[in-house]
Amino acid sequence: MSSYDENSHDESGYTTSAGRDGDALPPGMPEPDLDGTALLARIACGTAFALVHRPGAPFRGPAPPHLTASDAAALAALVCVDEPTRAIIVPDMAQDRRTADLSLVRGREALRFCAVVALPGPDGRSPGTLIVLDAAARRIELTSEPAAALAILARQGIRERHILCRFAETTVERDDLSSVTEAAPVLIAAFGRDEICRFANGNFSRWFGLDPAQVVGRPLQEIVGEDVYALRRPLLARAFAGETASFEAPHPKADGRCVLMRYEPHRGPRHGIADLYLLGIDITAEKEARAALADSALKFRAIAESMPQMVWSTLPDGYHDYYNTRWYEFTGVREGSTDGEGWNAIFHPDEQPEAWRRWRHSLATGEPYEIEYRLRRHDGVYRWVLGRAMPIRDPETGAIERWFGTCTDIDDQVRARETLAQRRAALEAQVAERTAALAEANARLKAEIEERARIEEALRQAQKMEAVGQLTGGIAHDFNNLLTGIVGSLDLMQTRIDEGRTENLARYAGLAMASAQRAAALTHRLLAFARRQPLEARAVDVNRLVGSMDELLRRTLGERVQLEVVVAGGLWLTLCDPNQLENAILNLAINARDAMPEGGRLTIETANAHLDDAYVASEIGVRAGQYVCVCVSDTGGGMPPDVIARAFDPFFTTKPLGQGTGLGLSMIYGFAKQSDGHVRIYSEVGQGTAVKLYLPRHAGRAADEPAPARTAMPVPRAERGETVLVVEDDATVRALIGETLTELGYRVIEAPDGPAGLRILEGPGRIDLVVTDVGLPGLNGRRMIDEALAVRPRLRVLFITGYAENAAFGNGHLAPGMRMITKPFAIDAFAAKVRAMIEPGQG
């Protein structure tokens with residue numbers, strides 16, 4: 001810095017003083033204007049607060065009213081020792097471990113942004129620390145200009161703390177002043193006692209539509225105009241008398257902008273008013289925000305006060321700060337007495353633990369709050385209310401800004417519900433008592449009938465247990481054989497691997513796979529008996545299907561049975577699982593063959609049929625309409641009426657022991673019902689039997705025949721990085737499917753249950769296919785997909801099932817865009833089905 005003659009005067013009338021050794025303040029120099037430094041820092045950074053902290057001294061400048069000395073000292077300690085004049089920026093104090101635990105970061109008036117820089121003193125020791133604070137966190141740090149302004153303020157030190165009143169001392173000081181004033185988003189000007197402008201920054205000049213060169217040297221009266229000057233004269237007089245004056249000033253062009261103007265008097269060395277500073281901050285956005293906030297608050301209160309429910313609101317941390325009039329009318333408490341946790345004394349002690357548990361859970365997770373509890377009314381009576389609350393989130397960050405809740409008086413409904421439950425219990429007791437009386441009165445009359453029924457039931461149970469024993473014995477035998485093949489092959493493979501030998505591994509793996517596939521086929525037959533098998537329905541031409549079975553049927557029936565196939569012209573299509581239909585026809589043909597041990601004629605006919613209202617009136621679960629009928633008839637011995645009545649019962653058979661389990665017709669019945677169809681037996685003893693299978697007509701086109709399987713083809717892989725969501729509760733199965741898809745090139749997202757899968761589907765992100773187990777616990781696979789379709793209507797789904805009780809979607813059919821694969825499945829078949837489902841969506 002250059003040195004000056006002591007007490008020299010520049011042409012503007014400002015008194016200047018030379019520094020000694022470049023740092024020391026000369027005798028008579030006024031105390032540093034620390035308040036002005038803090039004010040200028042706040043303006044330069046566009047923050048709410050700025051202050052100078054000095055150990056053991058009051059804060060200087062616009063400081064937060066709740067700032068404590070310990071918090072200020074902690075912020076001052078952030079200053080870098082090696083570079084004390086470098087500004088330390090903390091964009092969000094709540095996320096910075098150095099400041100997160102400070103009291104000023106918590107509570108209703110929490111502060112988030114902070115900038116700190118040390119003020120160097122003339123003796124090398126800092127007289128204080130400049131701290132800038134704001135309530136809003138900043139996604140980025142200070143821009144270069146405000147940060148430079150803070151650095152300039154620190155570098156100027158104590159001697160230049162009067163920068164606004166000494167702007168003409170040197171070229172270096174003028175450059176620093178320009179850097180600060182031009183960087184600050186504020187109007188800055190200086191006027192002498194003659195009201196002539198001595199200095200103005202660009203913002204001040206542009207506000208009045210002038211260049212800085214046109215403003216300096218002009219009287220204030222000419223700059224603002226006669227009318228405005230007349231309004232400002234009283235304020236100017238107060239300012240020149242030593243009083244700071246603040247007021248709101250609209251833009252000269254009345255374009256809606258507004259500044260908060262401040263007349264700041266500056267005292268000279270003899271403590272008289274030497275000149276006047278004009279500082280203006282654009283508060284247009286702040287006024288608009290205040291107006292919008294006031295309007296929003298007014299609307300909210302209008303709505304809240306008009307509602308019949310009790311309405312309340314809390315801060316994000318759960319602090320209750322608002323209740324509407326209904327609350328105070330209901331509780332009778334003094335207004336404001338239930339703020340914070342004061343409402344705890346209003347609701348019944350028995351419900352308090354659960355209410356607080358749910359409320360804390362909602363605060364921690366952001367989930368909606370809902371509970372029924374009793375509130376004490378103004379007359380001391382506890383009444384049941386339904387409490388609900390929803391979080392209001394910041395649209396950009398998702399952070400919870402407030403909670404809004406209601407309390408609805410449901411005491412009458414609760415008591416009505418309790419009364420209804422009591423009456424229902426009483427009615428049930430009366431019914432039970434009456435039923436017992438009737439049963440006792442009729443007991444003697446029905447004793448003989450009940451005994452006969454008991455004996456018959458015991459006989460049927462014995463027959464059923466005999467069939468079950470036969471079935472389970474056969475299943476155990478078959479499964480033991482299959483498991484022997486699987487376990488034996490795996491043991492041999494393990495032995496070869498342990499010995500380091502690789503020969504025959506493929507053959508052993510093939511043997512194990514063959515046994516596993518036979519086990520799967522056996523399980524599938526059992527599921528068909530239980531009507532649990534999944535149906536892959538498609539449009540079927542029954543004539544074509546029956547024709548394709550000709551060779552199989554003739555080989556099964558043998559030479560003694562003559563086969564005749566009569567197909568109808570113009571036969572309608574039906575919608576069913578063609579494999580299950582083939583099994584049904586084959587089972588009926590085998591039953592017919594067994595009914596003709598000496599030979600005979602078996603006829604398979606197809607026809608269009610219409611079941612009218614008169615017919616279905618006598619059949620349970622059958623709907624009137626158009627059907628495709630497949631009739632399998634024989635010339636065997638026929639069945640008496642009592643056998644026909646029980647023919648579809650599980651385990652019922654007329655064959656000798658060891659020749660049948662009574663599952664065939666039951667499986668056919670289950671298939672017909674799952675296909676929304678019907679089956680009927682017509683038979684007379686000595687005249688033969690006809691079984692008619694009715695399947696509903698389908699209006700669409702016949703499905704293409706599946707292409708012949710090609711062997712040794714590569715497993716289809718992902719082509720464009722498709723994403724597959726796998727939802728499976730079994731961790732082993734989920735891991736195997738995930739690893740399989742990952743190795744095929746797919747991006748895999750895993751979910752262990754239905755709710756987790758639904759959250760993923762309801763969120764953003766690409767999902768080309770969902771692979772989900774049907775039988776998930778709680779929210780099953782089908783329900784999860786039904787809810788997800790509201791968000792992703794074109795979702796493609798591959799259901800996996802081994803036990804498909806939940807897979808019978810409606811009539812047992814899958815909707816468009818959905819397919820089914822049954823456990824266990826081959827990897828290549830699974831990969832091919834995944835590729836086939838994803839591929840139509842490409843392009």
# chains A, B, ... in the order shown; residues from 1 in each chain; ligands from 1

call {"tool": "residues_around", "arguments": {"residues": "Gln580 of chain A", "least_positions_apart": "3", "cutoff": "10 Å", "atoms": "only C-alpha atoms", "output": "number ranges by chain"}}
result
A: 528, 533, 535-537, 576-577, 583-586, 667-668, 671-672, 675

call {"tool": "residues_around", "arguments": {"residues": "Asp92 of chain A", "least_positions_apart": "6", "cutoff": "12 Å", "atoms": "only C-alpha atoms", "output": "ChimeraX atom specification"}}
result
/A:98-100,105,110-115,133-142

call {"tool": "write_last_selection", "arguments": {"atoms": "all heavy atoms", "output": "compact mmCIF listing (two decimals), in the first residue's frame"}}
result
# COMPACT_ATOMS: atom_id res chain seq x y z
N ARG A 98 -18.57 -31.18 11.09
CA ARG A 98 -18.01 -30.14 11.96
C ARG A 98 -19.09 -29.26 12.57
O ARG A 98 -18.87 -28.60 13.59
CB ARG A 98 -17.03 -29.27 11.15
CG ARG A 98 -15.84 -30.02 10.58
CD ARG A 98 -15.03 -29.13 9.64
NE ARG A 98 -15.81 -28.70 8.50
CZ ARG A 98 -15.38 -27.85 7.56
NH1 ARG A 98 -14.15 -27.33 7.67
NH2 ARG A 98 -16.14 -27.53 6.53
N THR A 99 -20.26 -29.19 11.93
CA THR A 99 -21.30 -28.25 12.37
C THR A 99 -22.64 -28.90 12.65
O THR A 99 -23.55 -28.23 13.15
CB THR A 99 -21.50 -27.17 11.29
OG1 THR A 99 -21.80 -27.82 10.04
CG2 THR A 99 -20.25 -26.33 11.10
N ALA A 100 -22.81 -30.18 12.32
CA ALA A 100 -24.13 -30.81 12.41
C ALA A 100 -24.71 -30.81 13.82
O ALA A 100 -25.93 -30.80 14.00
CB ALA A 100 -24.07 -32.24 11.86
N VAL A 105 -28.22 -25.33 14.19
CA VAL A 105 -28.60 -26.16 13.03
C VAL A 105 -29.91 -26.88 13.29
O VAL A 105 -30.52 -27.42 12.39
CB VAL A 105 -27.47 -27.15 12.69
CG1 VAL A 105 -27.79 -27.98 11.46
CG2 VAL A 105 -26.16 -26.41 12.49
N ALA A 110 -33.73 -23.10 12.36
CA ALA A 110 -32.44 -23.68 12.01
C ALA A 110 -31.78 -22.93 10.88
O ALA A 110 -32.44 -22.43 9.97
CB ALA A 110 -32.62 -25.16 11.62
N LEU A 111 -30.45 -22.82 10.96
CA LEU A 111 -29.64 -22.22 9.90
C LEU A 111 -28.87 -23.33 9.20
O LEU A 111 -28.48 -24.32 9.82
CB LEU A 111 -28.67 -21.20 10.49
CG LEU A 111 -29.34 -20.00 11.20
CD1 LEU A 111 -28.29 -19.11 11.83
CD2 LEU A 111 -30.19 -19.19 10.22
N ARG A 112 -28.62 -23.15 7.89
CA ARG A 112 -27.99 -24.22 7.12
C ARG A 112 -26.69 -23.79 6.44
O ARG A 112 -25.72 -24.52 6.46
CB ARG A 112 -28.97 -24.73 6.05
CG ARG A 112 -30.30 -25.22 6.61
CD ARG A 112 -30.14 -26.47 7.43
NE ARG A 112 -29.78 -27.59 6.60
CZ ARG A 112 -30.64 -28.33 5.92
NH1 ARG A 112 -31.93 -28.05 5.98
NH2 ARG A 112 -30.23 -29.35 5.19
N PHE A 113 -26.67 -22.57 5.83
CA PHE A 113 -25.48 -22.14 5.08
C PHE A 113 -24.56 -21.29 5.96
O PHE A 113 -25.03 -20.53 6.81
CB PHE A 113 -25.91 -21.33 3.85
CG PHE A 113 -24.74 -20.69 3.14
CD1 PHE A 113 -23.92 -21.44 2.31
CD2 PHE A 113 -24.46 -19.34 3.32
CE1 PHE A 113 -22.86 -20.86 1.67
CE2 PHE A 113 -23.39 -18.75 2.68
CZ PHE A 113 -22.58 -19.52 1.84
N CYS A 114 -23.24 -21.43 5.73
CA CYS A 114 -22.27 -20.67 6.52
C CYS A 114 -21.03 -20.39 5.69
O CYS A 114 -20.58 -21.22 4.90
CB CYS A 114 -21.89 -21.47 7.78
SG CYS A 114 -20.56 -20.70 8.73
N ALA A 115 -20.50 -19.15 5.84
CA ALA A 115 -19.20 -18.77 5.27
C ALA A 115 -18.43 -18.02 6.35
O ALA A 115 -18.99 -17.16 7.03
CB ALA A 115 -19.37 -17.93 4.02
N LEU A 133 -24.33 -16.14 7.49
CA LEU A 133 -25.26 -17.25 7.77
C LEU A 133 -26.55 -17.08 6.98
O LEU A 133 -26.99 -15.96 6.72
CB LEU A 133 -25.58 -17.31 9.27
CG LEU A 133 -24.41 -17.61 10.20
CD1 LEU A 133 -24.80 -17.30 11.63
CD2 LEU A 133 -24.00 -19.06 10.07
N ASP A 134 -27.17 -18.23 6.64
CA ASP A 134 -28.47 -18.17 5.96
C ASP A 134 -29.27 -19.41 6.33
O ASP A 134 -28.70 -20.47 6.65
CB ASP A 134 -28.28 -18.10 4.43
CG ASP A 134 -29.52 -17.53 3.75
OD1 ASP A 134 -30.13 -16.61 4.30
OD2 ASP A 134 -29.87 -18.02 2.67
N ALA A 135 -30.59 -19.29 6.28
CA ALA A 135 -31.47 -20.40 6.65
C ALA A 135 -31.53 -21.48 5.59
O ALA A 135 -31.83 -22.63 5.89
CB ALA A 135 -32.89 -19.87 6.94
N ALA A 136 -31.26 -21.14 4.35
CA ALA A 136 -31.38 -22.10 3.25
C ALA A 136 -30.01 -22.65 2.88
O ALA A 136 -29.05 -21.90 2.74
CB ALA A 136 -32.01 -21.44 2.03
N ALA A 137 -29.93 -23.98 2.76
CA ALA A 137 -28.70 -24.59 2.27
C ALA A 137 -28.51 -24.27 0.80
O ALA A 137 -29.47 -23.96 0.09
CB ALA A 137 -28.75 -26.12 2.47
N ARG A 138 -27.26 -24.32 0.36
CA ARG A 138 -26.95 -24.02 -1.04
C ARG A 138 -26.39 -25.28 -1.68
O ARG A 138 -25.51 -25.92 -1.14
CB ARG A 138 -25.96 -22.86 -1.14
CG ARG A 138 -26.47 -21.60 -0.44
CD ARG A 138 -25.72 -20.36 -0.87
NE ARG A 138 -26.27 -19.18 -0.21
CZ ARG A 138 -25.90 -17.94 -0.47
NH1 ARG A 138 -24.98 -17.73 -1.39
NH2 ARG A 138 -26.46 -16.93 0.17
N ARG A 139 -26.95 -25.59 -2.85
CA ARG A 139 -26.49 -26.80 -3.54
C ARG A 139 -25.04 -26.66 -3.98
O ARG A 139 -24.32 -27.62 -4.12
CB ARG A 139 -27.38 -27.09 -4.74
CG ARG A 139 -28.79 -27.53 -4.34
CD ARG A 139 -29.59 -27.88 -5.59
NE ARG A 139 -30.92 -28.32 -5.24
CZ ARG A 139 -31.92 -27.49 -5.02
NH1 ARG A 139 -31.73 -26.19 -5.14
NH2 ARG A 139 -33.12 -27.94 -4.71
N ILE A 140 -24.61 -25.43 -4.29
CA ILE A 140 -23.23 -25.17 -4.64
C ILE A 140 -22.70 -24.12 -3.69
O ILE A 140 -23.46 -23.46 -2.96
CB ILE A 140 -23.09 -24.69 -6.10
CG1 ILE A 140 -23.91 -23.41 -6.31
CG2 ILE A 140 -23.55 -25.75 -7.05
CD1 ILE A 140 -23.73 -22.81 -7.68
N GLU A 141 -21.37 -23.91 -3.69
CA GLU A 141 -20.80 -22.90 -2.81
C GLU A 141 -21.03 -21.52 -3.40
O GLU A 141 -21.69 -21.35 -4.42
CB GLU A 141 -19.32 -23.19 -2.62
CG GLU A 141 -19.06 -24.53 -1.94
CD GLU A 141 -17.61 -24.73 -1.62
OE1 GLU A 141 -16.81 -23.88 -2.01
OE2 GLU A 141 -17.29 -25.74 -0.96
N LEU A 142 -20.47 -20.50 -2.73
CA LEU A 142 -20.64 -19.14 -3.21
C LEU A 142 -20.11 -18.99 -4.63
O LEU A 142 -19.14 -19.63 -5.03
CB LEU A 142 -19.88 -18.18 -2.30
CG LEU A 142 -20.47 -17.91 -0.90
CD1 LEU A 142 -19.50 -17.06 -0.12
CD2 LEU A 142 -21.81 -17.26 -1.00

call {"tool": "select_by_dssp", "arguments": {"residues": "segment 384-446 of chain A", "states": "alpha helix (DSSP H)", "output": "MDAnalysis selection string"}}
result
chainID A and resid 411:446

call {"tool": "atom_distance", "arguments": {"atom1": "atom CA of Arg717 of chain A", "atom2": "atom CA of Ala832 of chain A"}}
result
8.6 Å

call {"tool": "closest_residue", "arguments": {"among": "A:Glu341, A:Asp773, A:Glu564, A:Asp71", "to": "Lys823 of chain A", "atoms": "only C-alpha atoms"}}
result
A:Asp773

call {"tool": "residues_around", "arguments": {"residues": "Ile590 of chain A", "least_positions_apart": "2", "cutoff": "12 Å", "atoms": "only C-alpha atoms", "output": "ChimeraX atom specification"}}
result
/A:552-558,561,583-588,592-597,602,632-634,660,664-665

call {"tool": "write_last_selection", "arguments": {"atoms": "C-alpha atoms", "output": "PDB file, in the first residue's frame"}}
result
ATOM      1  CA  LEU A 552     -51.359 -92.415 -30.385  1.00  0.00           C
ATOM      2  CA  LEU A 553     -54.952 -93.511 -29.736  1.00  0.00           C
ATOM      3  CA  ARG A 554     -54.782 -96.528 -32.023  1.00  0.00           C
ATOM      4  CA  ARG A 555     -51.527 -97.690 -30.438  1.00  0.00           C
ATOM      5  CA  THR A 556     -53.050 -97.230 -26.926  1.00  0.00           C
ATOM      6  CA  LEU A 557     -56.371 -98.961 -27.658  1.00  0.00           C
ATOM      7  CA  GLY A 558     -54.920-102.077 -29.291  1.00  0.00           C
ATOM      8  CA  VAL A 561     -60.943-101.918 -30.068  1.00  0.00           C
ATOM      9  CA  ASN A 583     -54.595 -85.771 -21.666  1.00  0.00           C
ATOM     10  CA  ALA A 584     -58.372 -85.671 -21.057  1.00  0.00           C
ATOM     11  CA  ILE A 585     -59.182 -87.380 -24.386  1.00  0.00           C
ATOM     12  CA  LEU A 586     -56.472 -89.994 -23.816  1.00  0.00           C
ATOM     13  CA  ASN A 587     -57.776 -90.725 -20.271  1.00  0.00           C
ATOM     14  CA  LEU A 588     -61.343 -91.144 -21.565  1.00  0.00           C
ATOM     15  CA  ALA A 592     -63.347 -96.851 -22.513  1.00  0.00           C
ATOM     16  CA  ARG A 593     -60.770 -99.508 -23.484  1.00  0.00           C
ATOM     17  CA  ASP A 594     -60.812-100.924 -19.944  1.00  0.00           C
ATOM     18  CA  ALA A 595     -64.646-101.050 -20.077  1.00  0.00           C
ATOM     19  CA  MET A 596     -64.445-103.308 -23.210  1.00  0.00           C
ATOM     20  CA  PRO A 597     -62.113-106.192 -22.226  1.00  0.00           C
ATOM     21  CA  LEU A 602     -64.719 -96.425 -29.485  1.00  0.00           C
ATOM     22  CA  VAL A 632     -66.015 -90.119 -26.276  1.00  0.00           C
ATOM     23  CA  SER A 633     -68.396 -93.115 -26.363  1.00  0.00           C
ATOM     24  CA  ASP A 634     -67.901 -96.892 -26.105  1.00  0.00           C
ATOM     25  CA  GLY A 660     -56.684 -97.878 -10.765  1.00  0.00           C
ATOM     26  CA  GLY A 664     -58.600 -90.025 -14.107  1.00  0.00           C
ATOM     27  CA  LEU A 665     -62.152 -88.637 -14.273  1.00  0.00           C
TER      28      LEU A 665
END

call {"tool": "residues_around", "arguments": {"residues": "segment 732-738 of chain A", "least_positions_apart": "2", "cutoff": "12 Å", "atoms": "only C-alpha atoms", "output": "ChimeraX atom specification"}}
result
/A:723-730,740-753,770-773,800-802,823-827,830-831,834

call {"tool": "closest_residue", "arguments": {"among": "A:Leu611, A:Val643, A:Val228, A:Ala690", "to": "Pro252 of chain A", "atoms": "only C-alpha atoms"}}
result
A:Val228

call {"tool": "closest_residue", "arguments": {"among": "A:Met493, A:Val622, A:Leu798, A:Val630", "to": "Asn608 of chain A", "atoms": "only C-alpha atoms"}}
result
A:Val630

call {"tool": "closest_residue", "arguments": {"among": "A:Gly225, A:Pro212, A:Pro91, A:Gly621", "to": "Gln674 of chain A", "atoms": "only C-alpha atoms"}}
result
A:Gly621

call {"tool": "residues_around", "arguments": {"residues": "Asp282 of chain A", "least_positions_apart": "4", "cutoff": "7 Å", "atoms": "only C-alpha atoms", "output": "JSON, numbers by chain"}}
result
{"A": [186, 258, 259, 260]}

call {"tool": "residues_around", "arguments": {"residues": "Asn203 of chain A", "least_positions_apart": "2", "cutoff": "7 Å", "atoms": "only C-alpha atoms", "output": "VMD selection string"}}
result
chain A and resid 186 to 187 201 205 to 207
